[in-house]
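Read the structure below first, then the notes.
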Amino acid sequence: MKKRYLIFTLAVLLVMGLLSGCTRTVTEDEEVVVEETHEPVAKIGVALWSSTDVLGSRCREVILDAAEALDVEVEFTDHGFSHQDEALAVRQLIDDGCQGIVLCNSSDEELEGIIKDCDASGTYLAQCFRSINRDAHPGVYALAEASPCYVGCVHENEIENGRNTAQMIINLGKRRIGVLGWMPGDTAWEFRMEGYSIAVEGANRINRDKPVILLDPVYAGITYEGGYRAVDELIKREPAVDALIVAGGGGEPLVGAMAAISDNGLDRRIAVVATDFVDDLDERMKSGTMVGASGGTHCDSLLAFMMVYNAVMETEGYTDLSGTANEIIFPYLYAISPQDYADFEKNFFDVSPYTGEEFIELSGLSVDGLMEEASGFKKKW
């Protein structure tokens, strides 16, 4: 609950109170603070893998800025990409009175129970950073489409991202590429891996004499320690590895992976690209320890928040959701030079991407309007 403080200047007022056994009289023109409770217009829950790592903390910050502008109470909960904890997190947010929920889930399977829970409680749901793979899980997609509470999803073109990210490595002439994932079965991870494979297959069709080998992926979870361990083991098992793609996981696995490479004395030999920006990306590229990265997508979660907000507020175009499954595709930013990231940090991270008035204007957009806004994000960078 938010609280608003009202200050009154009193001309003549006698206030008697007990404080340490004493009474006192308020003098003329003395200011007295009177506390008035204030109910926000809505309460929205946000369930992320983490709201404290590199990417998650940025999502939290921009959502809180929007919530302040819109007078919305926000409750965050972290689930660590545990299937069981994702479902528990959603149920907890429902029990805590959230009228809508923004969720980054790991795979489609757990969505069936989550959507049913949201429908039963009348709680609106939107996915961020994820979509439902309608080919692999048509039943889940049909359930979402028929749901009166599933608002839609905001996600990136992960296959394209995977292809572009792998191409950065291939262009350097690297031939033995390791891949660090965060969790088997995660929808975004599977699409990115598909993109890596497409890039490698394309390169090998052009140059059959020196084929590129995409090594079996290793997994880090979403921690620094997991990234360090997995890459250290990869180096020992594949001593000829000359490149590494860090597929994601919020940024912490990348930092751990880089530390493992450095501790093995391979900073200059193993070329690294990643999905998820880290705060010192420009310095890492200047030093040559990283080739580049894709990222800059924290406003993905903001657009999902705006969809949920409009559904809760019963805004025109966000009602009668049965038979719909709104989808917004958010663009990646690719940093292939130190200046690319420096420009992003200066213009899109060090300052909020929106002012308070702009958040209010954004909240008034239709789904089509949010789609158009997403397509124009690269211009902001």
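The way I read the labels, and the way they are meant: chains A, B, ... in the order of the structure tokens, residue 1 as the first residue of every chain, and ligand 1 as the first ligand shown, with later ones counted on from there.
The shell of residues at most 9 Å from Arg175 in chain A, with only C-alpha atoms counted and near chain neighbours (fewer than 6 positions) removed, consists of Ile169, Lys210, Pro211, Val212, Ile213, Leu214, Val241, Asp242 and Ala243 of chain A.
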Output of the above residues as a PDB file, in the first residue's frame, restricted to N, CA and C atoms:
ATOM      1  N   ILE A 169      31.375 -15.187 -34.597  1.00  0.00           N
ATOM      2  CA  ILE A 169      32.491 -16.100 -34.361  1.00  0.00           C
ATOM      3  C   ILE A 169      33.011 -16.671 -35.677  1.00  0.00           C
ATOM      4  N   LYS A 210      37.281 -26.819 -44.518  1.00  0.00           N
ATOM      5  CA  LYS A 210      37.582 -26.474 -43.129  1.00  0.00           C
ATOM      6  C   LYS A 210      36.264 -26.285 -42.376  1.00  0.00           C
ATOM      7  N   PRO A 211      35.617 -27.380 -42.048  1.00  0.00           N
ATOM      8  CA  PRO A 211      34.293 -27.271 -41.426  1.00  0.00           C
ATOM      9  C   PRO A 211      34.359 -26.679 -40.018  1.00  0.00           C
ATOM     10  N   VAL A 212      33.319 -25.960 -39.675  1.00  0.00           N
ATOM     11  CA  VAL A 212      33.136 -25.455 -38.314  1.00  0.00           C
ATOM     12  C   VAL A 212      32.447 -26.539 -37.500  1.00  0.00           C
ATOM     13  N   ILE A 213      32.954 -26.782 -36.313  1.00  0.00           N
ATOM     14  CA  ILE A 213      32.374 -27.801 -35.433  1.00  0.00           C
ATOM     15  C   ILE A 213      31.704 -27.104 -34.259  1.00  0.00           C
ATOM     16  N   LEU A 214      30.411 -27.361 -34.093  1.00  0.00           N
ATOM     17  CA  LEU A 214      29.658 -26.842 -32.956  1.00  0.00           C
ATOM     18  C   LEU A 214      29.624 -27.934 -31.895  1.00  0.00           C
ATOM     19  N   VAL A 241      39.293 -26.082 -28.209  1.00  0.00           N
ATOM     20  CA  VAL A 241      38.206 -25.121 -28.382  1.00  0.00           C
ATOM     21  C   VAL A 241      38.792 -23.731 -28.595  1.00  0.00           C
ATOM     22  N   ASP A 242      38.303 -23.028 -29.621  1.00  0.00           N
ATOM     23  CA  ASP A 242      38.855 -21.701 -29.904  1.00  0.00           C
ATOM     24  C   ASP A 242      37.794 -20.607 -29.912  1.00  0.00           C
ATOM     25  N   ALA A 243      36.559 -20.949 -29.528  1.00  0.00           N
ATOM     26  CA  ALA A 243      35.497 -19.949 -29.461  1.00  0.00           C
ATOM     27  C   ALA A 243      34.430 -20.419 -28.485  1.00  0.00           C
TER      28      ALA A 243
END
- Identify, on the basis of only C-alpha atoms, every residue whose closest approach to range 48-59 of chain A does not exceed 6 Å; exclude the query and any residue fewer than 5 positions from it along the same chain; express the result as a ChimeraX atom specification. /A:78-81,104,250-251,298
Counting only C-alpha atoms, give me one row per residue of range 209-298 of chain A with an atom at most 12 Å from an atom of range 191-195 of chain A, showing the shortest contact pair and its distance in Å to one decimal, sorted by chain then residue number, as JSON lines.
{"residue": "A:Leu214", "atom": "CA", "partner": "A:Met193", "partner_atom": "CA", "distance": 10.0}
{"residue": "A:Leu215", "atom": "CA", "partner": "A:Met193", "partner_atom": "CA", "distance": 11.3}
{"residue": "A:Asp216", "atom": "CA", "partner": "A:Met193", "partner_atom": "CA", "distance": 10.4}
{"residue": "A:Pro217", "atom": "CA", "partner": "A:Met193", "partner_atom": "CA", "distance": 9.0}
{"residue": "A:Val218", "atom": "CA", "partner": "A:Met193", "partner_atom": "CA", "distance": 11.9}
{"residue": "A:Ile245", "atom": "CA", "partner": "A:Met193", "partner_atom": "CA", "distance": 10.0}
{"residue": "A:Val246", "atom": "CA", "partner": "A:Arg192", "partner_atom": "CA", "distance": 10.6}
{"residue": "A:Ala247", "atom": "CA", "partner": "A:Arg192", "partner_atom": "CA", "distance": 7.2}
{"residue": "A:Gly248", "atom": "CA", "partner": "A:Arg192", "partner_atom": "CA", "distance": 9.4}
{"residue": "A:Ala274", "atom": "CA", "partner": "A:Arg192", "partner_atom": "CA", "distance": 11.2}
{"residue": "A:Thr275", "atom": "CA", "partner": "A:Arg192", "partner_atom": "CA", "distance": 9.5}
{"residue": "A:Ser294", "atom": "CA", "partner": "A:Arg192", "partner_atom": "CA", "distance": 11.7}
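Straight-line separation from CA of Gly376 in chain A to CA of Pro148 in chain A: 29.5 Å.
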- Find the residues around Ile63 in chain A up to 8 Å (only C-alpha atoms counted), leave out those fewer than 3 positions away in its own chain, and share them as a PyMOL selection string. chain A and resi 59-60+66-67+301-302+305
- Task: If you run DSSP over the backbone, which residues in range 83-207 of chain A end up helix (DSSP H, G or I)? Put them as a VMD selection string.
- Result: chain A and resid 83 to 95 111 to 121 138 to 146 158 to 170 187 to 206
